[in-house]
file data18.cif (mmCIF, C-alpha atoms)
data_my_file
loop_
_atom_site.label_atom_id
_atom_site.label_comp_id
_atom_site.auth_asym_id
_atom_site.auth_seq_id
_atom_site.Cartn_x
_atom_site.Cartn_y
_atom_site.Cartn_z
CA MET H 290 -8.86 46.20 65.63
CA ARG H 291 -9.87 49.26 63.61
CA ALA H 292 -6.18 50.09 63.09
CA LEU H 293 -5.58 46.58 61.73
CA ASP H 294 -8.51 46.85 59.31
CA ALA H 295 -7.24 50.21 58.09
CA ALA H 296 -3.80 48.73 57.46
CA ARG H 297 -5.29 45.89 55.47
CA LEU H 298 -7.33 48.32 53.36
CA ALA H 299 -4.26 50.45 52.65
CA PHE H 300 -2.29 47.38 51.57
CA ALA H 301 -5.09 46.30 49.19
CA LEU H 302 -5.20 49.75 47.63
CA VAL H 303 -1.45 49.62 47.04
CA LEU H 304 -1.85 46.29 45.22
CA LEU H 305 -4.76 47.53 43.09
CA SER H 306 -3.22 50.84 42.09
CA PRO H 307 -0.93 49.45 39.29
CA ALA H 308 -3.88 47.64 37.69
CA ALA H 309 -6.03 50.77 37.86
CA HIS H 310 -3.22 52.83 36.36
CA ALA H 311 -2.85 50.31 33.51
CA ALA H 312 -6.59 50.47 32.79
CA GLU H 313 -6.45 54.26 32.68
CA ALA H 314 -3.44 54.11 30.37
CA ALA H 315 -5.35 51.84 27.99
CA HIS H 316 -8.13 54.43 27.76
CA ASP H 317 -5.59 57.13 26.94
CA ILE H 318 -5.39 55.72 23.36
CA LYS H 319 -7.97 57.38 21.16
CA GLY H 320 -8.36 57.54 17.43
CA LEU H 321 -8.58 55.44 14.26
CA TYR H 322 -5.81 53.01 13.33
CA LEU H 323 -5.11 50.63 10.43
CA MET H 324 -3.02 47.70 11.71
CA THR H 325 -1.51 44.42 10.49
CA ASP H 326 0.67 41.74 12.06
CA TYR H 327 3.02 41.77 9.05
CA PRO H 328 3.64 45.25 7.58
CA ALA H 329 6.45 43.91 5.34
CA VAL H 330 5.92 40.82 3.16
CA THR H 331 7.63 38.95 0.35
CA VAL H 332 5.67 37.52 -2.58
CA ARG H 333 6.45 35.63 -5.78
CA PRO H 334 5.59 37.11 -9.18
CA GLY H 335 2.70 35.23 -10.78
CA THR H 336 0.96 34.52 -7.47
CA THR H 337 -1.84 35.91 -5.30
CA THR H 338 -1.20 36.98 -1.69
CA ASN H 339 -3.64 37.94 1.07
CA ILE H 340 -2.51 40.28 3.87
CA SER H 341 -4.70 40.47 6.98
CA LEU H 342 -5.61 44.00 8.22
CA ARG H 343 -7.67 45.52 11.05
CA LEU H 344 -9.41 48.88 11.14
CA GLN H 345 -9.42 49.72 14.87
CA ASN H 346 -11.59 52.37 16.50
CA TYR H 347 -10.47 53.62 19.94
CA GLY H 348 -13.13 55.76 21.60
CA LEU H 349 -14.57 57.46 18.47
CA ALA H 350 -18.18 57.71 17.48
CA PRO H 351 -19.12 55.26 14.72
CA GLN H 352 -18.96 56.61 11.19
CA ARG H 353 -18.37 55.46 7.64
CA TYR H 354 -14.72 55.29 6.50
CA GLN H 355 -13.87 55.14 2.80
CA LEU H 356 -11.19 52.57 1.98
CA SER H 357 -8.54 52.80 -0.74
CA VAL H 358 -5.04 51.58 -1.70
CA ALA H 359 -2.42 53.96 -3.10
CA GLY H 360 0.93 53.24 -4.74
CA VAL H 361 -0.20 50.14 -6.65
CA PRO H 362 2.40 49.35 -9.39
CA SER H 363 1.28 49.11 -13.02
CA GLY H 364 -0.07 45.66 -13.82
CA TRP H 365 -0.77 44.77 -10.20
CA THR H 366 -4.26 44.36 -8.79
CA ALA H 367 -4.95 45.39 -5.19
CA THR H 368 -8.36 44.57 -3.71
CA LEU H 369 -9.65 45.18 -0.18
CA LEU H 370 -11.83 42.34 1.10
CA GLY H 371 -14.21 42.17 4.04
CA GLY H 372 -16.01 38.95 4.89
CA GLY H 373 -14.53 37.43 1.75
CA GLN H 374 -16.07 40.09 -0.55
CA PRO H 375 -14.60 43.25 -2.09
CA VAL H 376 -15.48 46.29 0.04
CA GLY H 377 -15.06 50.04 -0.37
CA ALA H 378 -15.93 51.26 3.14
CA ALA H 379 -16.03 50.06 6.75
CA MET H 380 -17.68 51.19 10.00
CA PRO H 381 -16.01 49.93 13.20
CA ALA H 382 -17.93 50.29 16.47
CA PRO H 383 -16.42 52.36 19.32
CA ASP H 384 -13.53 50.37 20.85
CA GLY H 385 -14.11 47.72 18.16
CA ASN H 386 -12.42 46.72 14.92
CA VAL H 387 -13.27 45.45 11.45
CA ALA H 388 -11.24 42.62 9.92
CA LEU H 389 -10.04 43.28 6.37
CA GLN H 390 -7.74 41.66 3.81
CA LEU H 391 -5.53 43.21 1.18
CA ARG H 392 -5.41 40.91 -1.82
CA LEU H 393 -2.47 41.39 -4.18
CA ASP H 394 -2.31 39.82 -7.64
CA VAL H 395 1.26 40.19 -8.89
CA PRO H 396 1.83 39.42 -12.58
CA ALA H 397 4.54 36.98 -13.65
CA GLY H 398 7.76 38.29 -15.14
CA ASN H 399 7.72 41.36 -12.93
CA ASP H 400 11.03 42.95 -11.90
CA LEU H 401 12.19 42.28 -8.34
CA ALA H 402 12.21 45.92 -7.17
CA PRO H 403 10.48 46.49 -3.80
CA HIS H 404 7.28 48.51 -3.60
CA THR H 405 5.33 50.24 -0.85
CA LEU H 406 1.54 50.29 -0.94
CA THR H 407 -0.51 52.52 1.36
CA VAL H 408 -3.90 51.44 2.65
CA LYS H 409 -6.15 54.39 3.66
CA ALA H 410 -9.34 54.78 5.65
CA GLU H 411 -10.88 58.30 5.37
CA GLY H 412 -13.83 59.70 7.31
CA GLN H 413 -15.10 63.10 8.35
CA GLY H 414 -12.08 64.66 10.01
CA THR H 415 -10.41 61.33 10.74
CA THR H 416 -7.93 59.45 8.57
CA ALA H 417 -5.80 56.36 9.08
CA GLU H 418 -3.00 55.10 6.86
CA LEU H 419 -0.94 51.89 6.82
CA PRO H 420 2.15 51.50 4.60
CA VAL H 421 2.80 47.90 3.51
CA ALA H 422 6.24 47.07 2.11
CA VAL H 423 6.13 44.40 -0.60
CA SER H 424 9.32 42.70 -1.74
CA LEU H 425 9.44 40.37 -4.74
CA ALA H 426 11.48 37.18 -4.75
CA LYS H 427 12.14 34.39 -7.17
CA GLU H 428 10.47 31.06 -6.56
CA LEU H 429 12.07 29.26 -3.65
CA PRO H 430 12.95 25.56 -4.00
CA ALA H 431 10.54 23.01 -2.59
CA LYS H 432 11.23 21.96 1.00
CA LEU H 433 9.85 18.99 2.93
CA SER H 434 10.23 17.54 6.40
CA VAL H 435 8.96 14.28 7.89
CA LYS H 436 8.97 12.98 11.44
CA SER H 437 7.36 10.24 13.52
CA SER H 438 5.91 10.72 16.99
CA LEU H 439 7.05 7.17 17.97
CA PRO H 440 10.07 6.21 15.84
CA SER H 441 10.81 2.92 17.64
CA LEU H 442 8.25 0.21 18.43
CA ARG H 443 8.45 -3.17 20.17
CA GLY H 444 6.44 -6.32 19.55
CA SER H 445 6.39 -9.99 18.56
CA PRO H 446 6.73 -11.44 15.04
CA LYS H 447 2.92 -11.64 14.92
CA SER H 448 2.49 -7.91 15.70
CA ASN H 449 1.58 -5.12 13.29
CA PHE H 450 3.85 -2.10 13.77
CA ASP H 451 1.98 1.18 13.07
CA TYR H 452 3.88 4.48 12.80
CA THR H 453 2.19 7.89 12.50
CA LEU H 454 4.21 10.19 10.22
CA SER H 455 3.76 13.95 9.90
CA ILE H 456 4.84 15.41 6.55
CA LYS H 457 5.23 19.20 6.36
CA ASN H 458 5.41 21.31 3.20
CA ASP H 459 7.77 24.15 4.10
CA SER H 460 7.58 25.56 0.56
CA GLY H 461 5.76 28.61 -0.65
CA ARG H 462 3.62 26.55 -3.03
CA ASN H 463 1.38 23.48 -2.96
CA LEU H 464 3.10 20.14 -3.50
CA VAL H 465 2.20 16.48 -4.09
CA ALA H 466 4.45 14.39 -1.85
CA SER H 467 5.16 10.72 -2.62
CA PHE H 468 6.62 8.31 -0.08
CA ALA H 469 8.35 4.95 0.11
CA ALA H 470 9.74 2.69 2.85
CA GLU H 471 12.94 0.64 2.87
CA ALA H 472 12.55 -2.40 5.14
CA PRO H 473 14.41 -5.72 5.59
CA VAL H 474 13.72 -8.59 3.18
CA ASN H 475 10.24 -10.19 3.48
CA PHE H 476 8.91 -7.30 5.60
CA GLU H 477 5.60 -5.94 4.26
CA THR H 478 5.02 -2.16 4.28
CA SER H 479 2.01 -0.04 3.36
CA PHE H 480 0.95 3.60 3.76
CA THR H 481 -2.63 4.56 4.63
CA GLU H 482 -4.59 7.62 5.65
CA ALA H 483 -4.03 8.72 9.23
CA TYR H 484 -7.64 7.89 10.14
CA GLY H 485 -8.62 5.41 7.44
CA THR H 486 -7.71 2.22 5.64
CA GLN H 487 -7.23 3.52 2.09
CA GLU H 488 -3.69 2.74 0.93
CA LEU H 489 -1.69 5.67 -0.45
CA SER H 490 1.46 6.30 -2.46
CA SER H 491 1.26 10.12 -2.50
CA ILE H 492 -0.70 12.97 -0.92
CA PRO H 493 -1.25 16.68 -1.78
CA ILE H 494 -0.05 19.17 0.86
CA ASP H 495 -0.79 22.91 0.75
CA ALA H 496 2.01 25.43 1.19
CA GLY H 497 3.06 25.74 4.82
CA GLN H 498 0.75 22.92 5.92
CA SER H 499 1.26 19.43 7.34
CA LYS H 500 -0.53 16.13 6.81
CA ASP H 501 -0.38 12.90 8.79
CA ILE H 502 -0.18 9.43 7.27
CA LYS H 503 0.28 5.97 8.79
CA LEU H 504 2.94 3.41 7.93
CA LYS H 505 2.14 -0.23 8.74
CA VAL H 506 5.02 -2.72 8.88
CA ARG H 507 4.39 -6.48 9.08
CA PRO H 508 7.42 -8.71 9.73
CA PRO H 509 7.46 -12.37 8.64
CA THR H 510 6.17 -14.64 11.42
CA THR H 511 9.32 -16.77 11.17
CA ILE H 512 11.68 -13.87 11.93
CA ASP H 513 14.06 -14.21 14.85
CA ALA H 514 14.18 -11.68 17.66
CA GLY H 515 16.28 -8.61 16.94
CA HIS H 516 16.49 -4.90 16.05
CA PHE H 517 15.41 -4.00 12.50
CA PRO H 518 15.68 -0.54 10.85
CA VAL H 519 13.12 0.98 8.45
CA LYS H 520 13.78 4.14 6.43
CA VAL H 521 10.98 6.35 5.08
CA THR H 522 11.70 8.78 2.24
CA VAL H 523 9.33 11.53 1.10
CA LYS H 524 9.81 13.30 -2.26
CA ALA H 525 8.18 16.20 -4.11
CA GLU H 526 9.71 17.77 -7.23
CA ASP H 527 13.37 18.46 -6.36
CA ALA H 528 12.90 18.16 -2.60
CA SER H 529 13.21 15.08 -0.39
CA ALA H 530 13.23 14.24 3.30
CA SER H 531 13.71 11.03 5.25
CA THR H 532 13.40 9.63 8.75
CA GLU H 533 14.73 6.51 10.45
CA LEU H 534 12.35 4.10 12.21
CA ALA H 535 13.01 0.85 14.05
CA LEU H 536 11.31 -2.39 15.09
CA ASP H 537 12.43 -4.28 18.16
CA ILE H 538 11.10 -7.82 17.77
CA VAL H 539 11.04 -9.98 20.87
CA GLY H 540 11.02 -13.79 20.89
CA GLN H 541 7.80 -15.75 20.48
CA PRO H 542 7.14 -19.35 21.52
CA GLN H 543 5.69 -21.67 18.86
CA LEU H 544 4.14 -24.95 19.96
CA GLN H 545 3.69 -28.21 18.08
CA ILE H 546 1.96 -31.44 19.17
CA SER H 547 2.68 -34.99 18.06
CA GLY H 548 2.79 -38.52 19.42
CA ARG H 549 5.95 -40.34 20.43
CA ASP H 550 8.11 -40.97 17.33
CA GLY H 551 5.77 -38.67 15.41
CA LEU H 552 2.82 -41.05 15.54
CA LEU H 553 -0.69 -39.56 15.58
CA SER H 554 -2.54 -42.79 16.29
CA ALA H 555 -3.08 -45.09 19.26
CA ARG H 556 -5.17 -48.02 20.46
CA ALA H 557 -7.67 -48.15 23.31
CA VAL H 558 -10.27 -50.50 24.75
CA ALA H 559 -13.89 -49.56 25.35
CA GLY H 560 -14.50 -48.76 29.00
CA LYS H 561 -10.80 -48.94 29.93
CA GLN H 562 -8.23 -46.20 30.50
CA SER H 563 -5.33 -46.10 28.03
CA SER H 564 -2.16 -44.04 28.37
CA ILE H 565 -1.02 -42.34 25.16
CA PRO H 566 2.30 -40.41 25.11
CA ILE H 567 1.95 -36.81 23.82
CA VAL H 568 5.03 -34.80 22.80
CA VAL H 569 4.87 -30.95 22.96
CA THR H 570 7.67 -29.13 21.09
CA ASN H 571 8.63 -25.43 21.27
CA SER H 572 10.03 -24.47 17.84
CA GLY H 573 9.86 -20.70 18.54
CA THR H 574 12.42 -18.17 19.73
CA ALA H 575 11.28 -17.65 23.34
CA PRO H 576 10.43 -19.99 26.25
CA ALA H 577 6.84 -21.15 26.62
CA GLU H 578 5.55 -20.82 30.17
CA ASN H 579 2.75 -22.74 31.93
CA ILE H 580 1.65 -24.88 28.99
CA THR H 581 -1.77 -26.35 29.73
CA LEU H 582 -3.10 -29.48 28.01
CA ALA H 583 -6.71 -30.15 27.07
CA GLY H 584 -8.49 -32.69 24.89
CA THR H 585 -11.75 -33.18 23.02
CA ALA H 586 -13.07 -36.68 22.32
CA PRO H 587 -16.39 -38.33 21.33
CA SER H 588 -19.33 -38.07 23.72
CA GLY H 589 -18.99 -40.20 26.80
CA TRP H 590 -15.19 -40.39 26.62
CA LYS H 591 -12.91 -39.14 29.37
CA VAL H 592 -9.62 -37.35 28.65
CA THR H 593 -7.13 -36.23 31.32
CA PHE H 594 -3.38 -35.57 31.35
CA GLU H 595 -0.49 -36.49 33.60
CA PRO H 596 0.94 -33.95 34.25
CA ALA H 597 -1.76 -31.44 33.24
CA THR H 598 0.75 -28.56 32.87
CA ILE H 599 4.29 -28.15 31.54
CA GLU H 600 5.83 -25.35 33.59
CA ARG H 601 8.49 -24.23 31.10
CA LEU H 602 9.68 -25.29 27.66
CA VAL H 603 12.72 -23.54 26.18
CA PRO H 604 13.13 -23.05 22.40
CA GLY H 605 14.19 -26.19 20.52
CA LYS H 606 13.15 -28.55 23.32
CA ASP H 607 10.16 -30.81 23.83
CA GLY H 608 8.27 -32.25 26.76
CA GLU H 609 6.21 -35.43 27.10
CA VAL H 610 2.95 -35.92 28.95
CA GLN H 611 0.60 -38.87 29.14
CA ALA H 612 -2.91 -38.49 27.76
CA LEU H 613 -5.19 -40.77 29.83
CA ILE H 614 -8.07 -41.62 27.49
CA THR H 615 -11.04 -43.76 28.51
CA PRO H 616 -13.49 -44.56 25.68
CA SER H 617 -17.12 -44.99 26.61
CA ASP H 618 -18.02 -48.55 27.57
CA LYS H 619 -20.68 -48.32 24.85
CA SER H 620 -18.13 -47.54 22.12
CA LEU H 621 -18.20 -49.95 19.21
CA ALA H 622 -15.02 -51.28 17.71
CA GLY H 623 -13.58 -48.90 15.12
CA ASP H 624 -11.59 -45.68 14.57
CA TYR H 625 -12.34 -42.42 16.41
CA GLN H 626 -10.85 -38.89 16.42
CA ALA H 627 -9.54 -37.08 19.49
CA THR H 628 -8.13 -33.51 19.49
CA ILE H 629 -5.27 -32.63 21.83
CA ARG H 630 -4.51 -28.93 22.49
CA ALA H 631 -1.62 -27.10 24.17
CA THR H 632 -1.90 -23.41 25.20
CA SER H 633 0.67 -20.96 26.58
CA ARG H 634 -0.20 -17.23 26.97
CA GLY H 635 -1.92 -16.78 23.63
CA GLU H 636 0.23 -19.29 21.77
CA ASN H 637 -1.56 -22.57 21.05
CA ALA H 638 -1.26 -25.75 19.00
CA SER H 639 -3.48 -28.75 18.37
CA GLY H 640 -3.21 -32.23 16.90
CA GLN H 641 -5.72 -34.79 15.64
CA PHE H 642 -5.16 -38.33 16.94
CA ARG H 643 -6.80 -41.46 15.53
CA ILE H 644 -7.88 -43.78 18.33
CA THR H 645 -8.64 -47.37 17.31
CA VAL H 646 -11.07 -48.88 19.84
CA GLY H 647 -11.37 -52.64 20.42
CA THR H 648 -13.89 -54.46 22.64
CA SER H 649 -12.87 -55.91 26.00
CA THR H 650 -11.53 -59.54 26.10
CA VAL H 651 -13.98 -60.29 28.93
CA TRP H 652 -16.87 -59.67 26.59
CA GLY H 653 -15.13 -61.79 23.97
CA MET H 654 -14.78 -64.71 26.35
CA ALA H 655 -18.40 -64.31 27.45
CA GLY H 656 -19.50 -64.37 23.85
CA ALA H 657 -17.45 -67.50 23.18
CA GLY H 658 -19.01 -69.15 26.24
CA VAL H 659 -22.50 -68.33 25.05
CA ILE H 660 -21.74 -69.78 21.64
CA GLY H 661 -20.27 -72.93 23.24
CA VAL H 662 -23.32 -73.45 25.44
CA ALA H 663 -25.59 -73.01 22.45
CA LEU H 664 -23.66 -75.63 20.48
CA LEU H 665 -23.84 -78.14 23.35
CA LEU H 666 -27.58 -77.64 23.68
CA MET H 667 -28.01 -78.11 19.96
CA LEU H 668 -25.93 -81.34 19.93
CA GLY H 669 -27.85 -82.74 22.91
CA ALA H 670 -31.15 -82.04 21.25
CA VAL H 671 -30.04 -83.74 18.05
CA ALA H 672 -28.78 -86.79 19.92
CA ARG H 673 -31.96 -87.11 21.94
CA PHE H 674 -34.55 -86.52 19.33
CA GLY H 675 -32.56 -88.17 16.57
CA ARG H 676 -32.96 -91.66 18.13
CA ARG H 677 -36.71 -91.27 18.01
#

call {"tool": "encode", "arguments": {"input": "data18.cif", "output": "structure tokens"}}
result
Amino acid sequence: MRALDAARLAFALVLLSPAAHAAEAAHDIKGLYLMTDYPAVTVRPGTTTNISLRLQNYGLAPQRYQLSVAGVPSGWTATLLGGGQPVGAAMPAPDGNVALQLRLDVPAGNDLAPHTLTVKAEGQGTTAELPVAVSLAKELPAKLSVKSSLPSLRGSPKSNFDYTLSIKNDSGRNLVASFAAEAPVNFETSFTEAYGTQELSSIPIDAGQSKDIKLKVRPPTTIDAGHFPVKVTVKAEDASASTELALDIVGQPQLQISGRDGLLSARAVAGKQSSIPIVVTNSGTAPAENITLAGTAPSGWKVTFEPATIERLVPGKDGEVQALITPSDKSLAGDYQATIRATSRGENASGQFRITVGTSTVWGMAGAGVIGVALLLMLGAVARFGRR
């Protein structure tokens, strides 16, 4: 057992030895260093450029280091910044660093000859230098790019199609980018902020930065199913970029309700069930499934349907059901309104029907009998009492 434990310990030491060696190697570096990620840069005359620097202390006692820049061409301005302010000295902690910036103001009309500037940090017995090569170039042309995270969307004619567009300014200067969309006839388009509702026609973009906007496309509700392209073009000065988008519109049922032969009126009798034919038409571009019928009538009325559901109705076809309407037995003779509705997966339609209610013939005959009896009684009374 002890032999096995010893073997395990030896194996662990073998694994740890490279890491320990690397740590020791890191501590072998000692001294003061001026460093930058980009020791050679290109700038445009007439502009200001900031170059990020670091004054790194490896294992030295803290002390004050005087900062300076040598080799600055005539007419240029070179300023060392720390924390956003001009500085003349820095004091990095042991194994720490101080972040600095070299700000260069290059006058316009300067020749395009390259220059080398030397940044220095000088202390007591310790000095660090960093040469920075600066090349001058003429102004580059503006450059834009635009892309959409979801270039193709699918929906119905009643859908809003929202595209998120990312516009990037690949130029060396700030630009104001304008944009436009080419869509099929009668399609509505608008650009808004990525996280807002304010409509836009242009947007400022800093050099090397990107901004997101949103394009909303609304097709006409009467459009047929199909594939429709949309082109977005972005322009700024002499630069332009474009991207292709698409809408895939699927069919949508559209329901309509009427009576037989287009009539929206019917007759009924108080207290009796009447059958009224109801025609449901699908004038859309996709089948309507499981169409349910419902009705609203005056208080005390009863409305049912036979059948209560139309299972499927293809585009351009219609189906007929019977609305079984029973007015209240207390309904007076006259005209009433009843609403008939048809619903199929979010698509619905309704129609107003005028129902003319008449009283039952039984009650009419009873009324006539009462009047007849009253007349006979009156005639008998006149005959009897008239002879007196």

call {"tool": "resolve_selection", "arguments": {"input": "data18.cif", "expression": "the PyMOL selection byres ((chain H and resi 332-340) around 12)", "output": "MDAnalysis selection string"}}
result
chainID H and resid 324:331 341:343 364:371 373 388:404 406 408 421:429 460:463

call {"tool": "residues_around", "arguments": {"input": "data18.cif", "residues": "Lys606 of chain H", "least_positions_apart": "4", "cutoff": "7 Å", "atoms": "all atoms listed in the file", "output": "list in words"}}
result
Thr570, Asn571 and Leu602 of chain H

call {"tool": "atom_distance", "arguments": {"input": "data18.cif", "atom1": "atom CA of Ser363 of chain H", "atom2": "atom CA of Leu419 of chain H"}}
result
20.2 Å

call {"tool": "residues_around", "arguments": {"input": "data18.cif", "residues": "Ser563 of chain H", "least_positions_apart": "5", "cutoff": "7 Å", "atoms": "all atoms listed in the file", "output": "MDAnalysis selection string"}}
result
chainID H and resid 557 613:615

call {"tool": "resolve_selection", "arguments": {"input": "data18.cif", "expression": "the PyMOL selection byres ((chain H and resi 536-548) around 9)", "output": "compact mmCIF listing (two decimals) with C-alpha atoms, keeping the file's coordinate frame"}}
result
# COMPACT_ATOMS: atom_id res chain seq x y z
CA PRO H 440 10.07 6.21 15.84
CA SER H 441 10.81 2.92 17.64
CA LEU H 442 8.25 0.21 18.43
CA ARG H 443 8.45 -3.17 20.17
CA GLY H 444 6.44 -6.32 19.55
CA SER H 445 6.39 -9.99 18.56
CA PRO H 446 6.73 -11.44 15.04
CA LYS H 447 2.92 -11.64 14.92
CA SER H 448 2.49 -7.91 15.70
CA PHE H 450 3.85 -2.10 13.77
CA VAL H 506 5.02 -2.72 8.88
CA PRO H 508 7.42 -8.71 9.73
CA ILE H 512 11.68 -13.87 11.93
CA ASP H 513 14.06 -14.21 14.85
CA ALA H 514 14.18 -11.68 17.66
CA GLY H 515 16.28 -8.61 16.94
CA HIS H 516 16.49 -4.90 16.05
CA PHE H 517 15.41 -4.00 12.50
CA PRO H 518 15.68 -0.54 10.85
CA VAL H 519 13.12 0.98 8.45
CA LEU H 534 12.35 4.10 12.21
CA ALA H 535 13.01 0.85 14.05
CA ARG H 549 5.95 -40.34 20.43
CA ASP H 550 8.11 -40.97 17.33
CA GLY H 551 5.77 -38.67 15.41
CA LEU H 552 2.82 -41.05 15.54
CA LEU H 553 -0.69 -39.56 15.58
CA SER H 554 -2.54 -42.79 16.29
CA ALA H 555 -3.08 -45.09 19.26
CA ILE H 565 -1.02 -42.34 25.16
CA PRO H 566 2.30 -40.41 25.11
CA ILE H 567 1.95 -36.81 23.82
CA VAL H 568 5.03 -34.80 22.80
CA VAL H 569 4.87 -30.95 22.96
CA THR H 570 7.67 -29.13 21.09
CA ASN H 571 8.63 -25.43 21.27
CA SER H 572 10.03 -24.47 17.84
CA GLY H 573 9.86 -20.70 18.54
CA THR H 574 12.42 -18.17 19.73
CA ALA H 575 11.28 -17.65 23.34
CA PRO H 576 10.43 -19.99 26.25
CA ALA H 577 6.84 -21.15 26.62
CA GLU H 578 5.55 -20.82 30.17
CA LEU H 602 9.68 -25.29 27.66
CA VAL H 603 12.72 -23.54 26.18
CA PRO H 604 13.13 -23.05 22.40
CA GLU H 609 6.21 -35.43 27.10
CA ILE H 629 -5.27 -32.63 21.83
CA ARG H 630 -4.51 -28.93 22.49
CA ALA H 631 -1.62 -27.10 24.17
CA THR H 632 -1.90 -23.41 25.20
CA SER H 633 0.67 -20.96 26.58
CA GLU H 636 0.23 -19.29 21.77
CA ASN H 637 -1.56 -22.57 21.05
CA ALA H 638 -1.26 -25.75 19.00
CA SER H 639 -3.48 -28.75 18.37
CA GLY H 640 -3.21 -32.23 16.90
CA GLN H 641 -5.72 -34.79 15.64
CA PHE H 642 -5.16 -38.33 16.94

call {"tool": "resolve_selection", "arguments": {"input": "data18.cif", "expression": "the PyMOL selection byres ((chain H and resi 579) around 8)", "output": "list in words"}}
result
Ala577, Glu578, Ile580, Thr581, Thr598, Ile599, Glu600, Arg601, Ser633 and Arg634 of chain H

call {"tool": "atom_distance", "arguments": {"input": "data18.cif", "atom1": "atom CA of Lys561 of chain H", "atom2": "atom CA of Arg643 of chain H"}}
result
16.7 Å

call {"tool": "atom_distance", "arguments": {"input": "data18.cif", "atom1": "atom CA of Glu595 of chain H", "atom2": "atom CA of Val646 of chain H"}}
result
21.3 Å

call {"tool": "residues_around", "arguments": {"input": "data18.cif", "residues": "Lys457 of chain H", "least_positions_apart": "6", "cutoff": "12 Å", "atoms": "only C-alpha atoms", "output": "MDAnalysis selection string"}}
result
chainID H and resid 431:437 463:466 492:502 523:525 528:531

call {"tool": "closest_residue", "arguments": {"input": "data18.cif", "among": "H:Thr511, H:Thr593, H:Leu489, H:Lys503", "to": "Phe476 of chain H", "atoms": "all atoms listed in the file"}}
result
H:Thr511

call {"tool": "residues_near_point", "arguments": {"input": "data18.cif", "point": "(-16.9, -38.2, 23.7)", "cutoff": "10 Å", "atoms": "only C-alpha atoms", "output": "ChimeraX atom specification"}}
result
/H:585-592,615-617,620,625-627

call {"tool": "residues_around", "arguments": {"input": "data18.cif", "residues": "Gly348 of chain H", "least_positions_apart": "2", "cutoff": "9 Å", "atoms": "only C-alpha atoms", "output": "VMD selection string"}}
result
chain H and resid 316 318 to 321 346 350 382 to 385
